>>> print(open('protein_21.txt').read())   # compact mmCIF, C-alpha atoms
# COMPACT_ATOMS: atom_id res chain seq x y z
CA SER W 1 -13.32 -21.67 5.20
CA ILE W 2 -16.95 -21.49 4.07
CA ARG W 3 -16.11 -18.61 1.73
CA LYS W 4 -13.45 -20.63 -0.10
CA LYS W 5 -11.55 -17.46 -0.93
CA PRO W 6 -9.24 -15.01 0.87
CA LEU W 7 -10.66 -12.47 3.30
CA ASP W 8 -9.28 -8.91 3.36
CA ILE W 9 -9.37 -7.13 6.72
CA TYR W 10 -7.78 -4.14 8.44
CA PHE W 11 -6.01 -4.46 11.78
CA ARG W 12 -4.50 -1.38 13.43
CA LYS W 13 -5.14 0.48 10.15
CA CYS W 14 -3.03 -2.02 8.19
CA ALA W 15 -4.23 -4.37 5.45
CA PHE W 16 -4.11 -8.13 5.91
CA ARG W 17 -5.25 -10.81 3.48
CA LEU W 18 -6.27 -13.97 5.33
CA HIS W 19 -6.21 -17.31 3.50
CA TYR W 20 -8.81 -19.92 4.42
CA ASP W 21 -6.59 -22.82 3.33
CA ARG W 22 -3.63 -21.92 5.56
CA ARG W 23 -3.59 -22.90 9.21
CA ASN W 24 -2.09 -19.92 11.01
CA HIS W 25 -3.12 -18.93 14.52
CA ILE W 26 -2.02 -15.34 13.88
CA GLN W 27 -4.72 -15.08 11.19
CA ASP W 28 -7.26 -16.38 13.72
CA GLY W 29 -6.15 -13.81 16.30
CA LEU W 30 -6.37 -10.93 13.85
CA LEU W 31 -9.84 -12.00 12.79
CA VAL W 32 -11.47 -12.40 16.20
CA ASN W 33 -9.60 -10.07 18.56
CA PRO W 34 -9.24 -6.33 17.76
CA LYS W 35 -6.67 -6.07 20.60
CA TYR W 36 -4.63 -9.11 19.61
CA ASN W 37 -1.13 -8.84 21.18
CA PHE W 38 -2.03 -5.26 22.10
CA ASP W 39 0.31 -4.87 25.09
CA ASP W 40 3.24 -6.34 23.17
CA ILE W 41 2.89 -3.96 20.22
CA GLU W 42 2.19 -0.96 22.43
CA PHE W 43 5.33 -1.63 24.47
CA LEU W 44 7.45 -1.40 21.31
CA LEU W 45 5.66 1.74 20.12
CA LYS W 46 5.83 3.69 23.38
CA GLY W 47 8.51 6.37 23.23
CA SER W 48 9.19 5.88 19.51
CA ASP W 49 8.82 8.58 16.87
CA GLU W 50 8.33 8.85 13.12
CA LYS W 51 12.04 8.14 12.47
CA SER W 52 12.40 5.05 14.69
CA ASN W 53 13.82 1.83 13.23
CA PHE W 54 12.42 -1.60 14.08
CA VAL W 55 13.35 -5.22 13.40
CA ASP W 56 10.87 -8.10 13.38
CA ILE W 57 12.51 -11.55 13.43
CA GLY W 58 9.96 -14.23 12.66
CA SER W 59 7.62 -11.68 11.11
CA ASN W 60 5.05 -14.08 9.64
CA ILE W 61 2.27 -12.01 7.99
CA GLY W 62 3.18 -8.71 9.67
CA LEU W 63 1.27 -8.60 12.95
CA TYR W 64 4.08 -6.47 14.42
CA SER W 65 6.02 -5.13 11.46
CA GLN W 66 3.12 -3.44 9.68
CA PRO W 67 1.86 -1.37 12.66
CA LEU W 68 5.47 -0.48 13.52
CA ALA W 69 6.08 0.75 9.96
CA LEU W 70 2.85 2.74 9.98
CA ASN W 71 3.89 4.36 13.26
CA SER W 72 7.34 5.46 11.97
CA PRO W 73 7.02 6.38 8.28
CA LYS W 74 10.47 8.03 8.19
CA GLY W 75 12.17 5.09 9.88
CA GLN W 76 12.97 1.64 8.53
CA VAL W 77 11.34 -1.64 9.49
CA ILE W 78 13.07 -4.93 8.61
CA ALA W 79 10.76 -7.97 8.62
CA ILE W 80 12.63 -11.30 8.54
CA ASP W 81 11.04 -14.72 8.06
CA ALA W 82 12.32 -18.13 6.96
CA ASN W 83 9.00 -19.31 5.49
CA PRO W 84 8.82 -18.21 1.82
CA LEU W 85 5.02 -18.50 1.81
CA MET W 86 4.74 -16.09 4.73
CA VAL W 87 7.18 -13.65 3.10
CA LYS W 88 5.02 -13.67 -0.03
CA GLN W 89 1.88 -13.10 2.03
CA LEU W 90 3.53 -10.26 3.94
CA ASP W 91 4.75 -8.67 0.70
CA PHE W 92 1.13 -8.56 -0.46
CA ASN W 93 -0.02 -7.04 2.83
CA VAL W 94 2.71 -4.39 2.73
CA GLN W 95 1.72 -3.39 -0.79
CA ALA W 96 -1.96 -3.27 0.16
CA SER W 97 -1.11 -1.14 3.20
CA LYS W 98 1.03 1.18 1.01
CA LEU W 99 3.96 0.99 3.40
CA LYS W 100 7.13 2.24 1.71
CA ASN W 101 9.43 1.81 4.71
CA LEU W 102 8.97 -1.93 5.37
CA LYS W 103 11.50 -4.32 3.85
CA THR W 104 10.93 -8.09 3.91
CA ILE W 105 13.85 -10.51 4.01
CA PHE W 106 13.58 -14.25 3.35
CA SER W 107 16.02 -15.81 5.79
CA ALA W 108 16.42 -17.60 9.08
CA VAL W 109 18.61 -15.87 11.68
CA SER W 110 21.38 -17.61 13.60
CA ASP W 111 24.97 -17.13 14.79
CA LYS W 112 26.42 -18.03 11.38
CA THR W 113 25.55 -18.00 7.70
CA GLY W 114 24.55 -21.08 5.76
CA SER W 115 21.45 -23.01 4.75
CA GLY W 116 18.93 -25.13 6.62
CA SER W 117 15.44 -26.53 6.53
CA LEU W 118 12.08 -25.61 8.04
CA SER W 119 10.14 -27.56 10.61
CA ILE W 120 6.47 -26.55 10.70
CA ARG W 121 4.86 -27.64 13.96
CA ASN W 122 1.22 -28.60 14.45
CA ASP W 123 0.67 -27.89 10.74
CA ASP W 124 0.61 -24.19 11.74
CA SER W 125 2.59 -21.80 9.54
CA ALA W 126 3.03 -19.46 12.51
CA ILE W 127 4.98 -22.13 14.42
CA VAL W 128 8.10 -22.62 12.32
CA ALA W 129 11.58 -23.61 13.48
CA ILE W 130 14.85 -23.77 11.55
CA ASP W 131 16.94 -26.95 11.45
CA GLU W 132 20.57 -26.11 10.68
CA LYS W 133 21.60 -29.76 10.30
CA ILE W 134 19.61 -30.36 7.10
CA ASN W 135 20.27 -28.23 4.02
CA ASP W 136 16.98 -27.72 2.24
CA GLY W 137 17.82 -24.35 0.72
CA ILE W 138 16.51 -22.08 3.47
CA PRO W 139 19.05 -19.25 3.81
CA ILE W 140 20.53 -18.57 7.23
CA ARG W 141 22.18 -15.23 8.03
CA THR W 142 23.33 -13.39 11.11
CA LEU W 143 21.37 -10.39 12.31
CA LYS W 144 24.52 -8.27 12.12
CA ASN W 145 24.92 -9.15 8.43
CA ILE W 146 21.28 -8.38 7.67
CA LEU W 147 21.42 -4.99 9.38
CA MET W 148 24.70 -4.04 7.71
CA LYS W 149 23.35 -4.83 4.25
CA SER W 150 20.14 -2.93 5.04
CA LYS W 151 22.21 0.00 6.36
CA ILE W 152 20.41 -0.02 9.70
CA GLY W 153 22.28 1.52 12.61
CA LYS W 154 20.32 2.27 15.76
CA ILE W 155 17.29 0.04 16.41
CA TYR W 156 14.54 1.40 18.62
CA GLY W 157 12.53 -1.81 18.91
CA LEU W 158 13.10 -5.47 18.13
CA LYS W 159 10.66 -8.36 18.28
CA ILE W 160 11.81 -11.96 17.98
CA ASP W 161 9.78 -15.18 17.86
CA VAL W 162 11.69 -18.05 16.25
CA GLU W 163 10.53 -21.07 18.24
CA GLY W 164 13.54 -21.73 20.42
CA HIS W 165 16.28 -20.40 18.13
CA GLU W 166 16.42 -17.10 20.04
CA ASP W 167 19.71 -17.90 21.80
CA LEU W 168 21.51 -18.33 18.47
CA ALA W 169 19.68 -15.56 16.63
CA LEU W 170 19.77 -12.73 19.17
CA ALA W 171 22.30 -13.25 21.97
CA PRO W 172 25.45 -13.21 19.76
CA PHE W 173 24.28 -10.01 18.08
CA LEU W 174 23.62 -8.23 21.37
CA LEU W 175 26.97 -9.23 22.87
CA SER W 176 28.93 -8.11 19.79
CA ALA W 177 27.00 -4.89 19.10
CA LYS W 178 28.26 -1.44 19.98
CA LYS W 179 26.25 0.34 22.67
CA LYS W 180 24.75 2.72 20.11
CA GLU W 181 23.53 -0.28 18.07
CA LEU W 182 21.64 -2.01 20.89
CA PRO W 183 17.83 -2.05 20.59
CA THR W 184 16.14 0.18 23.14
CA LYS W 185 13.23 -2.26 23.50
CA ILE W 186 12.94 -5.99 22.92
CA VAL W 187 9.87 -8.22 22.79
CA ILE W 188 10.99 -11.85 22.92
CA GLU W 189 9.03 -15.08 23.04
CA HIS W 190 9.36 -16.92 26.35
CA SER W 191 8.91 -20.60 27.14
CA ASN W 192 6.36 -21.04 29.92
CA TYR W 193 7.37 -17.62 31.33
CA GLN W 194 11.06 -18.60 31.33
CA ASP W 195 13.46 -16.67 29.11
CA TYR W 196 16.02 -18.39 26.89
CA PRO W 197 19.25 -18.74 28.93
CA GLN W 198 21.80 -17.14 26.59
CA CYS W 199 19.47 -14.22 25.89
CA GLN W 200 18.86 -13.85 29.63
CA GLU W 201 22.62 -13.71 30.24
CA ALA W 202 23.02 -11.09 27.52
CA PHE W 203 20.17 -9.00 28.95
CA ASN W 204 21.76 -9.09 32.40
CA LYS W 205 25.24 -8.22 31.11
CA LEU W 206 23.98 -5.32 28.99
CA ASN W 207 21.69 -3.86 31.67
CA TYR W 208 18.32 -4.64 30.11
CA SER W 209 15.43 -4.51 32.56
CA LEU W 210 12.44 -6.86 32.47
CA ILE W 211 9.43 -4.55 32.20
CA GLY W 212 6.70 -7.19 32.01
CA ARG W 213 5.36 -10.28 30.32
CA SER W 214 2.35 -11.22 28.25
CA LYS W 215 1.07 -14.74 27.67
CA ASN W 216 3.69 -15.39 24.99
CA ASN W 217 6.41 -12.73 25.30
CA SER W 218 8.77 -10.94 27.69
CA PHE W 219 9.34 -7.18 27.44
CA TYR W 220 12.84 -5.81 27.98
CA GLU W 221 14.11 -2.22 27.95
CA LEU W 222 17.68 -0.96 27.85
CA SER W 223 18.68 1.01 30.94
CA SER W 224 19.03 4.77 30.67
CA THR W 225 22.75 4.42 31.50
CA ASN W 226 23.35 2.48 28.30
CA LEU W 227 21.09 4.80 26.27
CA ASN W 228 23.16 7.81 27.28
CA ALA W 229 26.53 6.11 26.76
>>> encode(input="protein_21.txt", output="structure tokens")
Amino acid sequence: SIRKKPLDIYFRKCAFRLHYDRRNHIQDGLLVNPKYNFDDIEFLLKGSDEKSNFVDIGSNIGLYSQPLALNSPKGQVIAIDANPLMVKQLDFNVQASKLKNLKTIFSAVSDKTGSGSLSIRNDDSAIVAIDEKINDGIPIRTLKNILMKSKIGKIYGLKIDVEGHEDLALAPFLLSAKKKELPTKIVIEHSNYQDYPQCQEAFNKLNYSLIGRSKNNSFYELSSTNLNA
């Protein structure tokens, strides 16, 4: 804030431009903690290879999507966010990081297509929810539609943080996906260490195992039975 201009840093060998005039707790974390969300990112990376595909729903400025893309240069990473300002900021970061395999998509994710509006909580651009009842021009698409248009088949890892919209964004996709299309690993925001009910039901039905939790997220992994099906 004292500088009155953006600050360029590297986090996990990826470029991030931080803006002093934007309240965003992810920027703060990147700036002060070299192991910010370390366990969460490492969980997604473990067992992946250079061809692994990842999806980041609620990508913000690329805390997850950039390191995932750097890890798997021959795979595809889809970063989805409903805040146009964050998509623009991530596009800059991706270009600065010279990542050719990371695609940003401006959209909210739900169980149907349409349009909605954004609700930014606590004046923090990292805490953004979609309101489907008010049409303010924010596109809403299903995850299935996004993946089909991006020609993504098998997903190795998926991270989702959409401030309570997880049940509509993720559960319908999981329950309608073919076994070969299911993500091997999922990092999902929890609410006070409780998982969203429809996602929890989908995880149980599809034989996902809870591997652990961090302060903000739960870590799920698909059982070996499903992986070999």
>>> closest_residue(input="protein_21.txt", among="W:Gln66, W:Ser224, W:Ser48, W:Gln200", to="Ala171 in chain W", atoms="all atoms listed in the file")
W:Gln200
>>> residues_around(input="protein_21.txt", residues="Lys178 in chain W", least_positions_apart="5", cutoff="10 Å", atoms="all atoms listed in the file", output="list in words")
Gly153, Lys154 and Phe173 of chain W
>>> atom_distance(input="protein_21.txt", atom1="CA of Leu85 in chain W", atom2="CA of Asn145 in chain W")
23.0 Å
>>> atom_distance(input="protein_21.txt", atom1="CA of Ser72 in chain W", atom2="CA of Asn101 in chain W")
8.4 Å
>>> closest_atom_pairs(input="protein_21.txt", of="range 98-175 of chain W", to="range 24-37 of chain W", cutoff="9 Å", atoms="all atoms listed in the file", output="JSON lines")
{"residue": "W:Asp123", "atom": "CA", "partner": "W:Asn24", "partner_atom": "CA", "distance": 8.4}
{"residue": "W:Asp124", "atom": "CA", "partner": "W:Asn24", "partner_atom": "CA", "distance": 5.1}
{"residue": "W:Ser125", "atom": "CA", "partner": "W:Asn24", "partner_atom": "CA", "distance": 5.3}
{"residue": "W:Ala126", "atom": "CA", "partner": "W:Asn24", "partner_atom": "CA", "distance": 5.4}
{"residue": "W:Ile127", "atom": "CA", "partner": "W:Asn24", "partner_atom": "CA", "distance": 8.2}
>>> closest_residue(input="protein_21.txt", among="W:Lys185, W:Lys180, W:Lys144, W:Lys133", to="Leu45 in chain W", atoms="all atoms listed in the file")
W:Lys185
>>> closest_residue(input="protein_21.txt", among="W:Gly212, W:Gly116, W:Pro197, W:Gly75", to="Phe43 in chain W", atoms="all atoms listed in the file")
W:Gly212
>>> atom_distance(input="protein_21.txt", atom1="CA of Ile152 in chain W", atom2="CA of Asn135 in chain W")
28.8 Å
>>> closest_residue(input="protein_21.txt", among="W:Ala129, W:Ala15, W:Ile140, W:Ile134", to="Asp91 in chain W", atoms="all atoms listed in the file")
W:Ala15
>>> residues_near_point(input="protein_21.txt", point="(-12.4, -11.6, 4.6)", cutoff="12 Å", atoms="all atoms listed in the file", output="tab-separated table (two decimals) with C-alpha atoms, in the frame of the given file")
chain	number	residue	atom	x	y	z
W	1	SER	CA	-13.32	-21.67	5.20
W	2	ILE	CA	-16.95	-21.49	4.07
W	3	ARG	CA	-16.11	-18.61	1.73
W	4	LYS	CA	-13.45	-20.63	-0.10
W	5	LYS	CA	-11.55	-17.46	-0.93
W	6	PRO	CA	-9.24	-15.01	0.87
W	7	LEU	CA	-10.66	-12.47	3.30
W	8	ASP	CA	-9.28	-8.91	3.36
W	9	ILE	CA	-9.37	-7.13	6.72
W	10	TYR	CA	-7.78	-4.14	8.44
W	11	PHE	CA	-6.01	-4.46	11.78
W	15	ALA	CA	-4.23	-4.37	5.45
W	16	PHE	CA	-4.11	-8.13	5.91
W	17	ARG	CA	-5.25	-10.81	3.48
W	18	LEU	CA	-6.27	-13.97	5.33
W	19	HIS	CA	-6.21	-17.31	3.50
W	20	TYR	CA	-8.81	-19.92	4.42
W	27	GLN	CA	-4.72	-15.08	11.19
W	28	ASP	CA	-7.26	-16.38	13.72
W	30	LEU	CA	-6.37	-10.93	13.85
W	31	LEU	CA	-9.84	-12.00	12.79
W	32	VAL	CA	-11.47	-12.40	16.20
>>> closest_residue(input="protein_21.txt", among="W:Val94, W:Ile146, W:Ile120, W:Leu44", to="Pro183 in chain W", atoms="only C-alpha atoms")
W:Leu44
>>> residues_around(input="protein_21.txt", residues="range 62-65 of chain W", least_positions_apart="4", cutoff="10 Å", atoms="only C-alpha atoms", output="NGL selection string")
:W and (11-12 or 14-16 or 26-27 or 29-30 or 36-38 or 40-42 or 44 or 54-58 or 69-71 or 77-80 or 86-87 or 89-91 or 93-94 or 102-104 or 158-159)
>>> decode(input="protein_21.txt", residues="range 152-184 of chain W", atoms="N, CA and C atoms", output="tab-separated table (two decimals), in the first residue's frame")
chain	number	residue	atom	x	y	z
W	152	ILE	N	-11.56	-31.80	-22.49
W	152	ILE	CA	-10.90	-32.44	-21.36
W	152	ILE	C	-11.63	-33.73	-21.03
W	153	GLY	N	-10.91	-34.83	-20.99
W	153	GLY	CA	-11.49	-36.11	-20.62
W	153	GLY	C	-11.19	-36.42	-19.17
W	154	LYS	N	-10.16	-37.18	-18.93
W	154	LYS	CA	-9.79	-37.58	-17.58
W	154	LYS	C	-9.14	-36.42	-16.82
W	155	ILE	N	-9.64	-36.17	-15.60
W	155	ILE	CA	-9.09	-35.15	-14.72
W	155	ILE	C	-8.31	-35.85	-13.62
W	156	TYR	N	-7.06	-35.45	-13.42
W	156	TYR	CA	-6.32	-36.02	-12.30
W	156	TYR	C	-6.72	-35.33	-10.99
W	157	GLY	N	-6.69	-34.00	-11.00
W	157	GLY	CA	-7.00	-33.27	-9.78
W	157	GLY	C	-7.96	-32.13	-10.01
W	158	LEU	N	-8.83	-31.90	-9.03
W	158	LEU	CA	-9.80	-30.81	-9.10
W	158	LEU	C	-9.83	-30.09	-7.76
W	159	LYS	N	-9.77	-28.77	-7.83
W	159	LYS	CA	-9.93	-27.94	-6.63
W	159	LYS	C	-11.15	-27.07	-6.82
W	160	ILE	N	-11.96	-26.93	-5.78
W	160	ILE	CA	-13.16	-26.10	-5.87
W	160	ILE	C	-13.34	-25.30	-4.59
W	161	ASP	N	-13.54	-23.99	-4.77
W	161	ASP	CA	-13.80	-23.07	-3.66
W	161	ASP	C	-14.72	-21.99	-4.20
W	162	VAL	N	-16.02	-22.16	-4.02
W	162	VAL	CA	-16.99	-21.23	-4.59
W	162	VAL	C	-18.01	-20.77	-3.53
W	163	GLU	N	-17.56	-20.69	-2.30
W	163	GLU	CA	-18.31	-20.06	-1.23
W	163	GLU	C	-19.74	-20.57	-1.08
W	164	GLY	N	-19.86	-21.88	-0.93
W	164	GLY	CA	-21.16	-22.47	-0.65
W	164	GLY	C	-21.94	-22.95	-1.86
W	165	HIS	N	-21.42	-22.73	-3.05
W	165	HIS	CA	-22.11	-23.19	-4.27
W	165	HIS	C	-21.61	-24.57	-4.71
W	166	GLU	N	-20.79	-25.20	-3.88
W	166	GLU	CA	-20.18	-26.47	-4.25
W	166	GLU	C	-21.19	-27.56	-4.58
W	167	ASP	N	-22.29	-27.62	-3.83
W	167	ASP	CA	-23.28	-28.67	-4.07
W	167	ASP	C	-23.88	-28.59	-5.47
W	168	LEU	N	-24.07	-27.38	-5.98
W	168	LEU	CA	-24.64	-27.21	-7.31
W	168	LEU	C	-23.56	-27.29	-8.40
W	169	ALA	N	-22.35	-26.90	-8.06
W	169	ALA	CA	-21.29	-26.87	-9.06
W	169	ALA	C	-20.64	-28.24	-9.29
W	170	LEU	N	-20.45	-29.00	-8.22
W	170	LEU	CA	-19.66	-30.23	-8.33
W	170	LEU	C	-20.48	-31.51	-8.26
W	171	ALA	N	-21.40	-31.62	-7.31
W	171	ALA	CA	-22.11	-32.89	-7.10
W	171	ALA	C	-22.82	-33.40	-8.36
W	172	PRO	N	-23.55	-32.55	-9.10
W	172	PRO	CA	-24.24	-33.06	-10.31
W	172	PRO	C	-23.25	-33.58	-11.36
W	173	PHE	N	-22.10	-32.93	-11.47
W	173	PHE	CA	-21.10	-33.41	-12.43
W	173	PHE	C	-20.58	-34.79	-12.02
W	174	LEU	N	-20.23	-34.95	-10.76
W	174	LEU	CA	-19.69	-36.23	-10.31
W	174	LEU	C	-20.69	-37.37	-10.53
W	175	LEU	N	-21.95	-37.12	-10.21
W	175	LEU	CA	-22.96	-38.18	-10.29
W	175	LEU	C	-23.35	-38.53	-11.72
W	176	SER	N	-23.08	-37.62	-12.66
W	176	SER	CA	-23.42	-37.90	-14.06
W	176	SER	C	-22.20	-38.32	-14.89
W	177	ALA	N	-21.01	-38.21	-14.32
W	177	ALA	CA	-19.78	-38.51	-15.06
W	177	ALA	C	-19.57	-40.02	-15.20
W	178	LYS	N	-18.92	-40.40	-16.29
W	178	LYS	CA	-18.48	-41.78	-16.43
W	178	LYS	C	-17.32	-42.02	-15.47
W	179	LYS	N	-17.09	-43.28	-15.11
W	179	LYS	CA	-16.03	-43.57	-14.15
W	179	LYS	C	-14.67	-43.06	-14.61
W	180	LYS	N	-14.41	-43.15	-15.92
W	180	LYS	CA	-13.12	-42.71	-16.44
W	180	LYS	C	-12.98	-41.20	-16.42
W	181	GLU	N	-14.09	-40.47	-16.21
W	181	GLU	CA	-14.06	-39.01	-16.19
W	181	GLU	C	-13.93	-38.44	-14.78
W	182	LEU	N	-14.07	-39.27	-13.77
W	182	LEU	CA	-14.03	-38.79	-12.39
W	182	LEU	C	-12.63	-38.32	-12.00
W	183	PRO	N	-12.53	-37.19	-11.31
W	183	PRO	CA	-11.22	-36.73	-10.83
W	183	PRO	C	-10.63	-37.73	-9.85
W	184	THR	N	-9.35	-37.98	-9.96
W	184	THR	CA	-8.69	-38.87	-9.00
W	184	THR	C	-8.60	-38.22	-7.63
